[in-house]
$ cat model.pdb   # PDB, C-alpha atoms, pLDDT in the B column
ATOM      1  CA  MET A   1     102.864 104.773  94.393  1.00 98.00           C
ATOM      2  CA  VAL A   2     104.754 105.779  91.262  1.00 98.00           C
ATOM      3  CA  ILE A   3     102.908 108.391  89.190  1.00 98.00           C
ATOM      4  CA  THR A   4     103.630 108.339  85.466  1.00 98.00           C
ATOM      5  CA  ASP A   5     105.314 111.244  83.704  1.00 96.00           C
ATOM      6  CA  TRP A   6     104.737 110.816  79.988  1.00 97.00           C
ATOM      7  CA  ARG A   7     106.993 113.808  79.241  1.00 95.00           C
ATOM      8  CA  LEU A   8     109.840 111.325  79.658  1.00 96.00           C
ATOM      9  CA  PRO A   9     110.769 109.265  76.592  1.00 97.00           C
ATOM     10  CA  ARG A  10     108.336 106.335  76.504  1.00 96.00           C
ATOM     11  CA  GLU A  11     111.057 103.654  76.634  1.00 97.00           C
ATOM     12  CA  ARG A  12     112.721 105.326  79.611  1.00 97.00           C
ATOM     13  CA  LEU A  13     109.416 105.669  81.473  1.00 97.00           C
ATOM     14  CA  LEU A  14     108.451 102.035  80.921  1.00 97.00           C
ATOM     15  CA  ALA A  15     111.907 100.755  81.833  1.00 97.00           C
ATOM     16  CA  ALA A  16     111.870 102.763  85.077  1.00 98.00           C
ATOM     17  CA  LEU A  17     108.381 101.490  85.925  1.00 98.00           C
ATOM     18  CA  GLU A  18     109.423  97.904  85.294  1.00 97.00           C
ATOM     19  CA  ARG A  19     112.388  98.278  87.655  1.00 97.00           C
ATOM     20  CA  ALA A  20     110.181  99.835  90.342  1.00 98.00           C
ATOM     21  CA  LEU A  21     107.513  97.130  89.979  1.00 98.00           C
ATOM     22  CA  GLU A  22     110.116  94.437  90.547  1.00 96.00           C
ATOM     23  CA  VAL A  23     110.310  95.588  94.170  1.00 97.00           C
ATOM     24  CA  GLY A  24     106.985  93.854  94.824  1.00 96.00           C
ATOM     25  CA  PRO A  25     103.211  94.277  94.997  1.00 97.00           C
ATOM     26  CA  GLU A  26     103.515  97.103  97.549  1.00 96.00           C
ATOM     27  CA  VAL A  27     104.514  99.366  94.635  1.00 98.00           C
ATOM     28  CA  ALA A  28     101.478 100.788  92.854  1.00 98.00           C
ATOM     29  CA  VAL A  29     101.327 102.836  89.656  1.00 98.00           C
ATOM     30  CA  GLN A  30      99.083 105.806  88.960  1.00 98.00           C
ATOM     31  CA  HIS A  31      98.454 106.467  85.273  1.00 98.00           C
ATOM     32  CA  ARG A  32      98.410 110.233  84.875  1.00 98.00           C
ATOM     33  CA  HIS A  33      98.674 111.957  81.494  1.00 98.00           C
ATOM     34  CA  PRO A  34      96.491 115.087  81.344  1.00 95.00           C
ATOM     35  CA  GLU A  35      97.726 116.070  77.868  1.00 96.00           C
ATOM     36  CA  ALA A  36      96.746 112.751  76.241  1.00 97.00           C
ATOM     37  CA  THR A  37      93.753 112.273  73.977  1.00 97.00           C
ATOM     38  CA  ALA A  38      91.100 109.864  75.260  1.00 97.00           C
ATOM     39  CA  ARG A  39      92.311 107.145  72.858  1.00 97.00           C
ATOM     40  CA  GLN A  40      95.972 107.628  73.802  1.00 98.00           C
ATOM     41  CA  PHE A  41      95.136 107.613  77.518  1.00 98.00           C
ATOM     42  CA  LEU A  42      93.244 104.332  77.132  1.00 98.00           C
ATOM     43  CA  GLU A  43      96.043 102.705  75.122  1.00 98.00           C
ATOM     44  CA  GLU A  44      98.598 103.751  77.748  1.00 98.00           C
ATOM     45  CA  ALA A  45      96.312 102.449  80.510  1.00 98.00           C
ATOM     46  CA  ARG A  46      96.066  99.079  78.757  1.00 98.00           C
ATOM     47  CA  LEU A  47      99.857  98.913  78.491  1.00 98.00           C
ATOM     48  CA  LEU A  48     100.316  99.787  82.179  1.00 98.00           C
ATOM     49  CA  SER A  49      97.573  97.369  83.174  1.00 98.00           C
ATOM     50  CA  GLY A  50      99.470  94.561  81.477  1.00 97.00           C
ATOM     51  CA  LEU A  51     102.712  95.529  83.232  1.00 97.00           C
ATOM     52  CA  CYS A  52     101.037  95.725  86.634  1.00 98.00           C
ATOM     53  CA  ARG A  53      98.885  92.623  86.257  1.00 97.00           C
ATOM     54  CA  ALA A  54     101.886  90.474  85.239  1.00 95.00           C
ATOM     55  CA  ARG A  55     103.630  91.351  88.511  1.00 95.00           C
ATOM     56  CA  GLY A  56     100.650  91.685  90.858  1.00 97.00           C
ATOM     57  CA  ASN A  57     101.006  95.467  91.316  1.00 98.00           C
ATOM     58  CA  PRO A  58      97.982  97.753  91.740  1.00 98.00           C
ATOM     59  CA  LEU A  59      97.180 100.264  88.993  1.00 98.00           C
ATOM     60  CA  PHE A  60      95.258 103.495  89.616  1.00 98.00           C
ATOM     61  CA  VAL A  61      93.853 105.551  86.746  1.00 98.00           C
ATOM     62  CA  ASN A  62      93.798 109.303  87.284  1.00 98.00           C
ATOM     63  CA  GLY A  63      90.407 110.945  86.887  1.00 97.00           C
ATOM     64  CA  ARG A  64      88.871 108.620  84.302  1.00 97.00           C
ATOM     65  CA  LEU A  65      86.235 106.273  85.698  1.00 97.00           C
ATOM     66  CA  ASP A  66      85.525 104.895  82.212  1.00 97.00           C
ATOM     67  CA  VAL A  67      89.168 103.963  81.602  1.00 98.00           C
ATOM     68  CA  ALA A  68      89.547 102.484  85.099  1.00 98.00           C
ATOM     69  CA  LEU A  69      86.550 100.247  84.404  1.00 98.00           C
ATOM     70  CA  LEU A  70      87.827  99.260  80.947  1.00 98.00           C
ATOM     71  CA  VAL A  71      91.229  98.128  82.214  1.00 98.00           C
ATOM     72  CA  GLY A  72      90.157  96.775  85.621  1.00 98.00           C
ATOM     73  CA  ALA A  73      92.065  99.401  87.594  1.00 98.00           C
ATOM     74  CA  HIS A  74      91.529 101.374  90.772  1.00 98.00           C
ATOM     75  CA  LEU A  75      90.598 105.069  90.472  1.00 98.00           C
ATOM     76  CA  HIS A  76      92.375 108.249  91.582  1.00 98.00           C
ATOM     77  CA  LEU A  77      90.267 111.403  91.853  1.00 98.00           C
ATOM     78  CA  PRO A  78      91.927 114.795  91.318  1.00 96.00           C
ATOM     79  CA  ALA A  79      90.977 117.639  93.661  1.00 94.00           C
ATOM     80  CA  GLY A  80      87.877 119.645  92.829  1.00 90.00           C
ATOM     81  CA  GLY A  81      86.246 116.950  90.714  1.00 92.00           C
ATOM     82  CA  LEU A  82      84.152 113.910  91.451  1.00 95.00           C
ATOM     83  CA  THR A  83      84.070 112.620  95.013  1.00 95.00           C
ATOM     84  CA  PRO A  84      84.422 109.020  96.211  1.00 96.00           C
ATOM     85  CA  GLU A  85      80.712 109.025  96.970  1.00 95.00           C
ATOM     86  CA  ASP A  86      79.986 109.984  93.329  1.00 96.00           C
ATOM     87  CA  VAL A  87      81.942 107.082  91.830  1.00 97.00           C
ATOM     88  CA  ARG A  88      81.676 104.288  94.414  1.00 96.00           C
ATOM     89  CA  PRO A  89      78.313 102.965  93.098  1.00 96.00           C
ATOM     90  CA  TYR A  90      79.893 102.337  89.685  1.00 96.00           C
ATOM     91  CA  LEU A  91      83.013 100.528  90.851  1.00 97.00           C
ATOM     92  CA  PRO A  92      83.101  96.766  91.293  1.00 97.00           C
ATOM     93  CA  SER A  93      83.670  95.433  94.789  1.00 95.00           C
ATOM     94  CA  GLY A  94      87.316  95.544  95.797  1.00 96.00           C
ATOM     95  CA  ARG A  95      88.251  98.547  93.671  1.00 97.00           C
ATOM     96  CA  LEU A  96      89.991 101.312  95.589  1.00 98.00           C
ATOM     97  CA  VAL A  97      89.497 105.061  95.321  1.00 98.00           C
ATOM     98  CA  SER A  98      92.309 107.482  96.096  1.00 98.00           C
ATOM     99  CA  VAL A  99      91.915 111.252  96.260  1.00 98.00           C
ATOM    100  CA  ALA A 100      94.193 114.277  95.961  1.00 97.00           C
ATOM    101  CA  VAL A 101      94.312 116.458  99.061  1.00 97.00           C
ATOM    102  CA  HIS A 102      96.068 119.817  99.360  1.00 95.00           C
ATOM    103  CA  ASP A 103      94.133 121.521 102.176  1.00 95.00           C
ATOM    104  CA  GLU A 104      91.533 121.033 104.928  1.00 94.00           C
ATOM    105  CA  GLN A 105      88.567 121.565 102.596  1.00 94.00           C
ATOM    106  CA  GLU A 106      89.761 118.785 100.293  1.00 95.00           C
ATOM    107  CA  ALA A 107      90.413 116.574 103.332  1.00 95.00           C
ATOM    108  CA  ARG A 108      86.736 116.947 104.287  1.00 92.00           C
ATOM    109  CA  ARG A 109      85.710 115.929 100.738  1.00 92.00           C
ATOM    110  CA  ALA A 110      87.740 112.703 101.067  1.00 95.00           C
ATOM    111  CA  ARG A 111      84.897 110.895 102.843  1.00 94.00           C
ATOM    112  CA  GLY A 112      84.591 107.419 101.333  1.00 96.00           C
ATOM    113  CA  ALA A 113      88.147 107.319  99.937  1.00 98.00           C
ATOM    114  CA  ASP A 114      90.442 104.380 100.602  1.00 98.00           C
ATOM    115  CA  LEU A 115      93.554 106.571 100.597  1.00 97.00           C
ATOM    116  CA  ALA A 116      94.640 110.148  99.994  1.00 98.00           C
ATOM    117  CA  LEU A 117      97.676 111.604  98.242  1.00 98.00           C
ATOM    118  CA  VAL A 118      98.578 114.651 100.337  1.00 97.00           C
ATOM    119  CA  SER A 119     100.699 117.276  98.587  1.00 95.00           C
ATOM    120  CA  PRO A 120     102.915 119.154  98.075  1.00 95.00           C
ATOM    121  CA  VAL A 121     104.819 118.089 101.165  1.00 96.00           C
ATOM    122  CA  PHE A 122     108.160 119.304  99.782  1.00 94.00           C
ATOM    123  CA  PRO A 123     108.965 121.134  96.505  1.00 87.00           C
ATOM    124  CA  PRO A 124     108.088 118.681  93.716  1.00 79.00           C
ATOM    125  CA  GLY A 125     111.002 117.622  91.536  1.00 66.00           C
ATOM    126  CA  SER A 126     108.713 117.011  88.565  1.00 62.00           C
ATOM    127  CA  LYS A 127     107.150 120.494  88.783  1.00 61.00           C
ATOM    128  CA  PRO A 128     110.004 122.989  89.248  1.00 64.00           C
ATOM    129  CA  ASP A 129     107.653 125.895  88.435  1.00 70.00           C
ATOM    130  CA  ASP A 130     105.130 124.930  91.134  1.00 66.00           C
ATOM    131  CA  THR A 131     104.674 128.007  93.340  1.00 71.00           C
ATOM    132  CA  ARG A 132     102.244 126.497  95.848  1.00 75.00           C
ATOM    133  CA  PRO A 133     103.474 126.679  99.432  1.00 87.00           C
ATOM    134  CA  THR A 134     104.690 123.320 100.664  1.00 93.00           C
ATOM    135  CA  LEU A 135     103.116 121.606 103.666  1.00 95.00           C
ATOM    136  CA  GLY A 136     106.306 120.356 105.281  1.00 94.00           C
ATOM    137  CA  PRO A 137     106.220 117.598 107.908  1.00 96.00           C
ATOM    138  CA  GLU A 138     103.909 119.535 110.245  1.00 95.00           C
ATOM    139  CA  GLY A 139     101.396 120.400 107.522  1.00 95.00           C
ATOM    140  CA  PHE A 140     101.409 116.795 106.338  1.00 97.00           C
ATOM    141  CA  ARG A 141     100.705 115.569 109.899  1.00 96.00           C
ATOM    142  CA  ARG A 142      97.877 118.091 110.286  1.00 95.00           C
ATOM    143  CA  LEU A 143      96.151 117.107 107.029  1.00 95.00           C
ATOM    144  CA  SER A 144      96.714 113.392 107.637  1.00 96.00           C
ATOM    145  CA  ALA A 145      95.006 113.687 111.014  1.00 95.00           C
ATOM    146  CA  ALA A 146      91.972 115.297 109.357  1.00 94.00           C
ATOM    147  CA  LEU A 147      91.545 112.457 106.846  1.00 96.00           C
ATOM    148  CA  PRO A 148      89.152 109.518 107.165  1.00 94.00           C
ATOM    149  CA  CYS A 149      91.688 107.272 105.372  1.00 97.00           C
ATOM    150  CA  PRO A 150      95.437 106.552 105.217  1.00 97.00           C
ATOM    151  CA  ALA A 151      97.627 109.268 103.656  1.00 97.00           C
ATOM    152  CA  LEU A 152     100.456 108.964 101.157  1.00 97.00           C
ATOM    153  CA  ALA A 153     102.934 111.852 101.099  1.00 97.00           C
ATOM    154  CA  LEU A 154     103.534 113.393  97.660  1.00 96.00           C
ATOM    155  CA  GLY A 155     105.899 116.130  96.568  1.00 94.00           C
ATOM    156  CA  GLY A 156     109.684 116.036  96.526  1.00 92.00           C
ATOM    157  CA  MET A 157     109.849 112.614  98.135  1.00 93.00           C
ATOM    158  CA  THR A 158     113.321 111.233  98.774  1.00 91.00           C
ATOM    159  CA  PRO A 159     114.206 108.616 101.388  1.00 91.00           C
ATOM    160  CA  GLU A 160     115.767 111.358 103.541  1.00 92.00           C
ATOM    161  CA  ARG A 161     112.667 113.560 103.409  1.00 94.00           C
ATOM    162  CA  ALA A 162     110.301 110.605 103.770  1.00 93.00           C
ATOM    163  CA  SER A 163     112.039 109.635 107.021  1.00 92.00           C
ATOM    164  CA  LEU A 164     110.924 112.995 108.483  1.00 93.00           C
ATOM    165  CA  LEU A 165     107.234 112.171 108.076  1.00 93.00           C
ATOM    166  CA  SER A 166     105.417 110.418 110.861  1.00 84.00           C
ATOM    167  CA  GLY A 167     101.987 109.052 110.100  1.00 84.00           C
ATOM    168  CA  ALA A 168     102.542 108.442 106.383  1.00 94.00           C
ATOM    169  CA  ALA A 169     100.985 105.208 105.164  1.00 95.00           C
ATOM    170  CA  GLY A 170     103.343 105.413 102.207  1.00 96.00           C
ATOM    171  CA  PHE A 171     104.742 107.736  99.601  1.00 97.00           C
ATOM    172  CA  ALA A 172     103.786 108.837  96.102  1.00 97.00           C
ATOM    173  CA  VAL A 173     106.573 109.826  93.742  1.00 96.00           C
ATOM    174  CA  ILE A 174     107.239 110.890  90.191  1.00 95.00           C
ATOM    175  CA  SER A 175     110.807 112.016  89.548  1.00 93.00           C
ATOM    176  CA  GLY A 176     112.132 110.457  92.759  1.00 93.00           C
ATOM    177  CA  VAL A 177     111.751 107.034  91.130  1.00 96.00           C
ATOM    178  CA  LEU A 178     111.303 107.651  87.403  1.00 96.00           C
ATOM    179  CA  GLU A 179     114.400 109.826  87.096  1.00 94.00           C
ATOM    180  CA  ALA A 180     116.527 107.938  89.626  1.00 95.00           C
ATOM    181  CA  GLU A 181     119.728 106.313  88.458  1.00 96.00           C
ATOM    182  CA  ASP A 182     118.318 103.037  89.838  1.00 97.00           C
ATOM    183  CA  PRO A 183     114.483 103.222  89.944  1.00 97.00           C
ATOM    184  CA  GLY A 184     114.261  99.859  91.716  1.00 97.00           C
ATOM    185  CA  ALA A 185     116.594 100.936  94.510  1.00 97.00           C
ATOM    186  CA  ALA A 186     114.721 104.241  94.871  1.00 96.00           C
ATOM    187  CA  ALA A 187     111.360 102.464  95.157  1.00 97.00           C
ATOM    188  CA  ARG A 188     112.819  99.897  97.586  1.00 97.00           C
ATOM    189  CA  ALA A 189     114.218 102.632  99.838  1.00 95.00           C
ATOM    190  CA  LEU A 190     110.840 104.388 100.031  1.00 95.00           C
ATOM    191  CA  CYS A 191     108.955 101.142 100.625  1.00 94.00           C
ATOM    192  CA  ALA A 192     111.259 100.367 103.545  1.00 92.00           C
ATOM    193  CA  LEU A 193     110.094 103.604 105.201  1.00 89.00           C
ATOM    194  CA  GLY A 194     106.346 103.221 104.474  1.00 70.00           C
TER     195      GLY A 194
END
$ encode --input "model.pdb" --output "structure tokens"
Amino acid sequence: MVITDWRLPRERLLAALERALEVGPEVAVQHRHPEATARQFLEEARLLSGLCRARGNPLFVNGRLDVALLVGAHLHLPAGGLTPEDVRPYLPSGRLVSVAVHDEQEARRARGADLALVSPVFPPGSKPDDTRPTLGPEGFRRLSAALPCPALALGGMTPERASLLSGAAGFAVISGVLEAEDPGAAARALCALG
């Protein structure tokens, strides 16, 4: 899963996403842009929806049930907000719900989720000022085992680090793909490990 970083120049972000999506339908996108206005977030979601739909890739919308419904996307729930049980009645059949998980308490709140993004496994490249302690491979295994759903590892993901993680259903990345010299090759390398 490639998570958007709208701090990058728009053309660069979209070009990197297009290269990553060419890898195949196993590459999903999560639309995340906390600084955007509601209108801007929706317009970006529509753009990403078109990119993903044209190639058969899943799109998740971060934290906005209304936008997910408007663009026909899956939904990602940030930690400390709505739960899968809160939103499931409003989602059409077949729509997935992912959740953010950083600790055991959040793992318990993941009941009803289809997948969890567990972080930060390693120091995140997109958040150099992040001071949260990292989970490391052992912490990731511990949280994954406590989840009722498959876990994607997030935070500082590179192919080398990803190869250290047993039990990961896949990987979620920001800079590891978006800022790679070859975003397609970076996504392909991670998919080969998932």
$ resolve_selection --input "model.pdb" --expression "the PyMOL selection byres ((chain A and resi 2) around 12)" --output "ChimeraX atom specification"
/A:1,3-5,13-14,16-21,23,26-32,48,52,57-61,117,152-155,157,170-179,183-184,186-188,190-191
$ atom_distance --input "model.pdb" --atom1 "atom CA of A:Leu65" --atom2 "atom CA of A:Val87"
7.5 Å
$ residues_around --input "model.pdb" --residues "stretch 140-143 of chain A" --least-positions-apart "3" --cutoff "12 Å" --atoms "only C-alpha atoms" --output "number ranges by chain"
A: 100-108, 110, 116-122, 134-137, 146-155, 162, 164-169, 171
$ write_last_selection --input "model.pdb" --atoms "C-alpha atoms" --output "PDB file, in the coordinates of the input"
ATOM      1  CA  ALA A 100      94.193 114.277  95.961  1.00 97.00           C
ATOM      2  CA  VAL A 101      94.312 116.458  99.061  1.00 97.00           C
ATOM      3  CA  HIS A 102      96.068 119.817  99.360  1.00 95.00           C
ATOM      4  CA  ASP A 103      94.133 121.521 102.176  1.00 95.00           C
ATOM      5  CA  GLU A 104      91.533 121.033 104.928  1.00 94.00           C
ATOM      6  CA  GLN A 105      88.567 121.565 102.596  1.00 94.00           C
ATOM      7  CA  GLU A 106      89.761 118.785 100.293  1.00 95.00           C
ATOM      8  CA  ALA A 107      90.413 116.574 103.332  1.00 95.00           C
ATOM      9  CA  ARG A 108      86.736 116.947 104.287  1.00 92.00           C
ATOM     10  CA  ALA A 110      87.740 112.703 101.067  1.00 95.00           C
ATOM     11  CA  ALA A 116      94.640 110.148  99.994  1.00 98.00           C
ATOM     12  CA  LEU A 117      97.676 111.604  98.242  1.00 98.00           C
ATOM     13  CA  VAL A 118      98.578 114.651 100.337  1.00 97.00           C
ATOM     14  CA  SER A 119     100.699 117.276  98.587  1.00 95.00           C
ATOM     15  CA  PRO A 120     102.915 119.154  98.075  1.00 95.00           C
ATOM     16  CA  VAL A 121     104.819 118.089 101.165  1.00 96.00           C
ATOM     17  CA  PHE A 122     108.160 119.304  99.782  1.00 94.00           C
ATOM     18  CA  THR A 134     104.690 123.320 100.664  1.00 93.00           C
ATOM     19  CA  LEU A 135     103.116 121.606 103.666  1.00 95.00           C
ATOM     20  CA  GLY A 136     106.306 120.356 105.281  1.00 94.00           C
ATOM     21  CA  PRO A 137     106.220 117.598 107.908  1.00 96.00           C
ATOM     22  CA  ALA A 146      91.972 115.297 109.357  1.00 94.00           C
ATOM     23  CA  LEU A 147      91.545 112.457 106.846  1.00 96.00           C
ATOM     24  CA  PRO A 148      89.152 109.518 107.165  1.00 94.00           C
ATOM     25  CA  CYS A 149      91.688 107.272 105.372  1.00 97.00           C
ATOM     26  CA  PRO A 150      95.437 106.552 105.217  1.00 97.00           C
ATOM     27  CA  ALA A 151      97.627 109.268 103.656  1.00 97.00           C
ATOM     28  CA  LEU A 152     100.456 108.964 101.157  1.00 97.00           C
ATOM     29  CA  ALA A 153     102.934 111.852 101.099  1.00 97.00           C
ATOM     30  CA  LEU A 154     103.534 113.393  97.660  1.00 96.00           C
ATOM     31  CA  GLY A 155     105.899 116.130  96.568  1.00 94.00           C
ATOM     32  CA  ALA A 162     110.301 110.605 103.770  1.00 93.00           C
ATOM     33  CA  LEU A 164     110.924 112.995 108.483  1.00 93.00           C
ATOM     34  CA  LEU A 165     107.234 112.171 108.076  1.00 93.00           C
ATOM     35  CA  SER A 166     105.417 110.418 110.861  1.00 84.00           C
ATOM     36  CA  GLY A 167     101.987 109.052 110.100  1.00 84.00           C
ATOM     37  CA  ALA A 168     102.542 108.442 106.383  1.00 94.00           C
ATOM     38  CA  ALA A 169     100.985 105.208 105.164  1.00 95.00           C
ATOM     39  CA  PHE A 171     104.742 107.736  99.601  1.00 97.00           C
TER      40      PHE A 171
END
$ closest_residue --input "model.pdb" --among "A:Ala192, A:Ala180, A:Ala45, A:Gly56" --to "A:His33" --atoms "all atoms listed in the file"
A:Ala45
$ resolve_selection --input "model.pdb" --expression "the PyMOL selection byres ((chain A and resi 81) around 12)" --output "list in words"
Asn62, Gly63, Arg64, Leu65, His76, Leu77, Pro78, Ala79, Gly80, Leu82, Thr83, Pro84, Glu85, Asp86, Val87, Val99, Ala100, Val101, Glu106, Arg109 and Ala110 of chain A
$ atom_distance --input "model.pdb" --atom1 "atom CA of A:Glu160" --atom2 "atom CA of A:Gly194"
12.5 Å
$ axis_aligned_box --input "model.pdb" --around "stretch 64-74 of chain A" --padding-each-side "6 Å" --output "lines of an AutoDock Vina configuration file"
center_x = 88.8
center_y = 102.7
center_z = 85.9
size_x = 18.5
size_y = 23.8
size_z = 21.8
$ atom_distance --input "model.pdb" --atom1 "atom CA of A:Pro25" --atom2 "atom CA of A:Leu51"
11.8 Å
$ resolve_selection --input "model.pdb" --expression "the PyMOL selection byres ((chain A and resi 95) around 9)" --output "PDB file with C-alpha atoms, keeping the file's coordinate frame"
ATOM      1  CA  GLY A  72      90.157  96.775  85.621  1.00 98.00           C
ATOM      2  CA  ALA A  73      92.065  99.401  87.594  1.00 98.00           C
ATOM      3  CA  HIS A  74      91.529 101.374  90.772  1.00 98.00           C
ATOM      4  CA  LEU A  75      90.598 105.069  90.472  1.00 98.00           C
ATOM      5  CA  ARG A  88      81.676 104.288  94.414  1.00 96.00           C
ATOM      6  CA  LEU A  91      83.013 100.528  90.851  1.00 97.00           C
ATOM      7  CA  PRO A  92      83.101  96.766  91.293  1.00 97.00           C
ATOM      8  CA  SER A  93      83.670  95.433  94.789  1.00 95.00           C
ATOM      9  CA  GLY A  94      87.316  95.544  95.797  1.00 96.00           C
ATOM     10  CA  LEU A  96      89.991 101.312  95.589  1.00 98.00           C
ATOM     11  CA  VAL A  97      89.497 105.061  95.321  1.00 98.00           C
TER      12      VAL A  97
END
$ residues_around --input "model.pdb" --residues "A:Glu35" --least-positions-apart "4" --cutoff "12 Å" --atoms "only C-alpha atoms" --output "JSON, numbers by chain"
{"A": [5, 6, 7, 39, 40, 41]}
$ write_last_selection --input "model.pdb" --atoms "C-alpha atoms" --output "PDB file, in the frame of the given file"
ATOM      1  CA  ASP A   5     105.314 111.244  83.704  1.00 96.00           C
ATOM      2  CA  TRP A   6     104.737 110.816  79.988  1.00 97.00           C
ATOM      3  CA  ARG A   7     106.993 113.808  79.241  1.00 95.00           C
ATOM      4  CA  ARG A  39      92.311 107.145  72.858  1.00 97.00           C
ATOM      5  CA  GLN A  40      95.972 107.628  73.802  1.00 98.00           C
ATOM      6  CA  PHE A  41      95.136 107.613  77.518  1.00 98.00           C
TER       7      PHE A  41
END
$ build_atoms --input "model.pdb" --residues "stretch 179-191 of chain A" --atoms "N, CA and C atoms" --output "mmCIF file, in the frame of the given file"
data_model
loop_
_atom_site.group_PDB
_atom_site.id
_atom_site.type_symbol
_atom_site.label_atom_id
_atom_site.label_comp_id
_atom_site.auth_asym_id
_atom_site.auth_seq_id
_atom_site.Cartn_x
_atom_site.Cartn_y
_atom_site.Cartn_z
ATOM 1 N N GLU A 179 113.164 109.213 87.575
ATOM 2 C CA GLU A 179 114.400 109.826 87.096
ATOM 3 C C GLU A 179 115.613 109.408 87.931
ATOM 4 N N ALA A 180 115.415 108.435 88.806
ATOM 5 C CA ALA A 180 116.527 107.938 89.626
ATOM 6 C C ALA A 180 117.491 107.124 88.763
ATOM 7 N N GLU A 181 118.736 107.126 89.169
ATOM 8 C CA GLU A 181 119.728 106.313 88.458
ATOM 9 C C GLU A 181 119.331 104.842 88.520
ATOM 10 N N ASP A 182 118.799 104.415 89.666
ATOM 11 C CA ASP A 182 118.318 103.037 89.838
ATOM 12 C C ASP A 182 116.888 103.110 90.386
ATOM 13 N N PRO A 183 115.878 103.096 89.498
ATOM 14 C CA PRO A 183 114.483 103.222 89.944
ATOM 15 C C PRO A 183 114.069 102.134 90.941
ATOM 16 N N GLY A 184 114.594 100.933 90.779
ATOM 17 C CA GLY A 184 114.261 99.859 91.716
ATOM 18 C C GLY A 184 114.776 100.145 93.111
ATOM 19 N N ALA A 185 116.018 100.612 93.201
ATOM 20 C CA ALA A 185 116.594 100.936 94.510
ATOM 21 C C ALA A 185 115.850 102.110 95.144
ATOM 22 N N ALA A 186 115.462 103.098 94.339
ATOM 23 C CA ALA A 186 114.721 104.241 94.871
ATOM 24 C C ALA A 186 113.373 103.802 95.427
ATOM 25 N N ALA A 187 112.664 102.956 94.692
ATOM 26 C CA ALA A 187 111.360 102.464 95.157
ATOM 27 C C ALA A 187 111.531 101.610 96.408
ATOM 28 N N ARG A 188 112.563 100.770 96.421
ATOM 29 C CA ARG A 188 112.819 99.897 97.586
ATOM 30 C C ARG A 188 113.104 100.717 98.839
ATOM 31 N N ALA A 189 113.880 101.788 98.683
ATOM 32 C CA ALA A 189 114.218 102.632 99.838
ATOM 33 C C ALA A 189 112.968 103.292 100.410
ATOM 34 N N LEU A 190 112.068 103.745 99.548
ATOM 35 C CA LEU A 190 110.840 104.388 100.031
ATOM 36 C C LEU A 190 109.892 103.357 100.663
ATOM 37 N N CYS A 191 109.818 102.176 100.059
ATOM 38 C CA CYS A 191 108.955 101.142 100.625
ATOM 39 C C CYS A 191 109.425 100.724 102.018
#
